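One structure below.
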Amino acid sequence: MHISWDEYFMGVALLSAKRSKDPSTQVGACIVNKDKRIIAIGYNGFPKGCEDDVFPWGKDDSNQLNTKYPYVVHAEANAILNSNSSLKGAKLYVTLFPCNECAKLLIQSGIEEIVYLSDKHALTNSVLASKRMLDAAGIKYTKMKDLEVNLK
């Protein structure tokens with residue numbers, strides 16, 4: 001038995017997520033062109049030169065500068081930045097539904113479809129805004145059934 005293309009590319013996104021040092025949410029992304037070729041991957045982490053042991057990974061501190069939020073680059077943004085070819089017409093496989101900031105980047109980059117695993121923040125303003133923009137831009141998004149993938 002072999003796996004489908006969707007399972008394969010989501011497996012690459014899941015494996016990429018394992019590179020993230022985020023202790024609460026590891027996210028991976030894989031961008032594929034119409035020829036089913038991987039053209040970019042990414043995971044959530046700090047920008048180049050910003051060391052993981054210097055910047056904070058916390059998220060519940062009363063001072064936002066002591067949280068990860070102002071510093072982390074999301075998996076989708078890293079995948080876009082890691083690409084060395086056009087993303088027009090491409091498909092994104094991502095382990096967590098994109099936030100509103102990533103949705104803007106995805107729309108502007110020309111990605112036409114998103115396949116995601118988790119939508120655990122579905123009721124947040126960030127994801128509601130994301131879906132509103134993706135719908136307006138005509139970008140299809142589909143939740144993939146949970147995978148039985150063991151990447152240990």
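Identifiers for the structure tokens are assigned positionally: chains receive A, B, ... in sequence, residues are indexed from 1 per chain, and ligands are indexed from 1 in the order shown.
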Could you write out, as JSON, numbers by chain, all the residues of chain A that DSSP marks as alpha helix (DSSP H)? {"A": [5, 6, 7, 8, 9, 10, 11, 12, 13, 14, 15, 16, 17, 75, 76, 77, 78, 79, 80, 81, 82, 100, 101, 102, 103, 104, 105, 106, 107, 108, 109, 125, 126, 127, 128, 129, 130, 131, 132, 133, 134, 135, 136, 137]}
Within 12 Å of Gly11 (chain A) using only C-alpha atoms, minus same-chain residues under 2 positions, as an NGL selection string: :A and (3-9 or 13-18 or 28-30 or 41 or 93-95 or 115-117 or 144 or 146-151)
DSSP on the backbone: which residues in region 65-143 of chain A end up as strand (DSSP E)? Give the answer as a PyMOL selection string. chain A and resi 91-96+113-118+140-143
Which residues come within 12 Å of Ile107 (chain A), counting only C-alpha atoms, excluding same-chain residues fewer than 2 positions away, as a ChimeraX atom specification? /A:76-77,80,87-92,98,100-105,109-114,130-140
Shell of 12 Å around region 55-66 of chain A, only C-alpha atoms, local chain residues under 2 positions omitted, as a PDB file with C-alpha atoms, in the first residue's frame:
```
ATOM      1  CA  SER A  20      10.562  23.907  15.488  1.00  0.00           C
ATOM      2  CA  LYS A  21      11.751  24.467  19.035  1.00  0.00           C
ATOM      3  CA  ASP A  22       8.405  25.953  20.086  1.00  0.00           C
ATOM      4  CA  PRO A  23       7.449  24.016  23.224  1.00  0.00           C
ATOM      5  CA  SER A  24       3.700  24.508  22.784  1.00  0.00           C
ATOM      6  CA  THR A  25       2.934  24.497  19.049  1.00  0.00           C
ATOM      7  CA  GLN A  26       5.214  23.080  16.370  1.00  0.00           C
ATOM      8  CA  ASN A  44       7.832  28.254  13.023  1.00  0.00           C
ATOM      9  CA  GLY A  45      10.891  29.711  14.679  1.00  0.00           C
ATOM     10  CA  PHE A  46      12.901  32.827  15.332  1.00  0.00           C
ATOM     11  CA  PRO A  47      14.544  34.807  12.515  1.00  0.00           C
ATOM     12  CA  LYS A  48      18.122  34.072  11.485  1.00  0.00           C
ATOM     13  CA  GLY A  49      20.558  35.433  14.036  1.00  0.00           C
ATOM     14  CA  CYS A  50      17.975  35.435  16.839  1.00  0.00           C
ATOM     15  CA  GLU A  51      19.100  32.542  18.988  1.00  0.00           C
ATOM     16  CA  ASP A  52      16.518  30.174  20.456  1.00  0.00           C
ATOM     17  CA  ASP A  53      18.101  30.308  23.889  1.00  0.00           C
ATOM     18  CA  LYS A  68       7.260  34.497  21.672  1.00  0.00           C
ATOM     19  CA  TYR A  69       4.638  36.436  19.704  1.00  0.00           C
ATOM     20  CA  PRO A  70       6.599  39.490  18.570  1.00  0.00           C
ATOM     21  CA  TYR A  71       9.548  37.344  17.486  1.00  0.00           C
ATOM     22  CA  VAL A  72       8.409  34.070  15.892  1.00  0.00           C
TER      23      VAL A  72
END
```
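Of the residues listed (A:Leu96, A:Val54, A:Met1, A:Val12), A:Leu96 shows the shortest atom-to-atom separation from Thr142 (chain A); distances use only C-alpha atoms.
Our summary of the geometry notes that CA of Ile39 (chain A) is positioned 16.7 Å from CA of Gln108 (chain A).
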What does the distance between CA of Gly42 (chain A) and CA of Thr67 (chain A) come to in Å, to one decimal place? 21.3 Å
Find, counting only C-alpha atoms, the residue in A:Ser118, A:Asn78, A:Ser83, A:Asn125 that gets nearest to Ala40 (chain A). A:Ser83
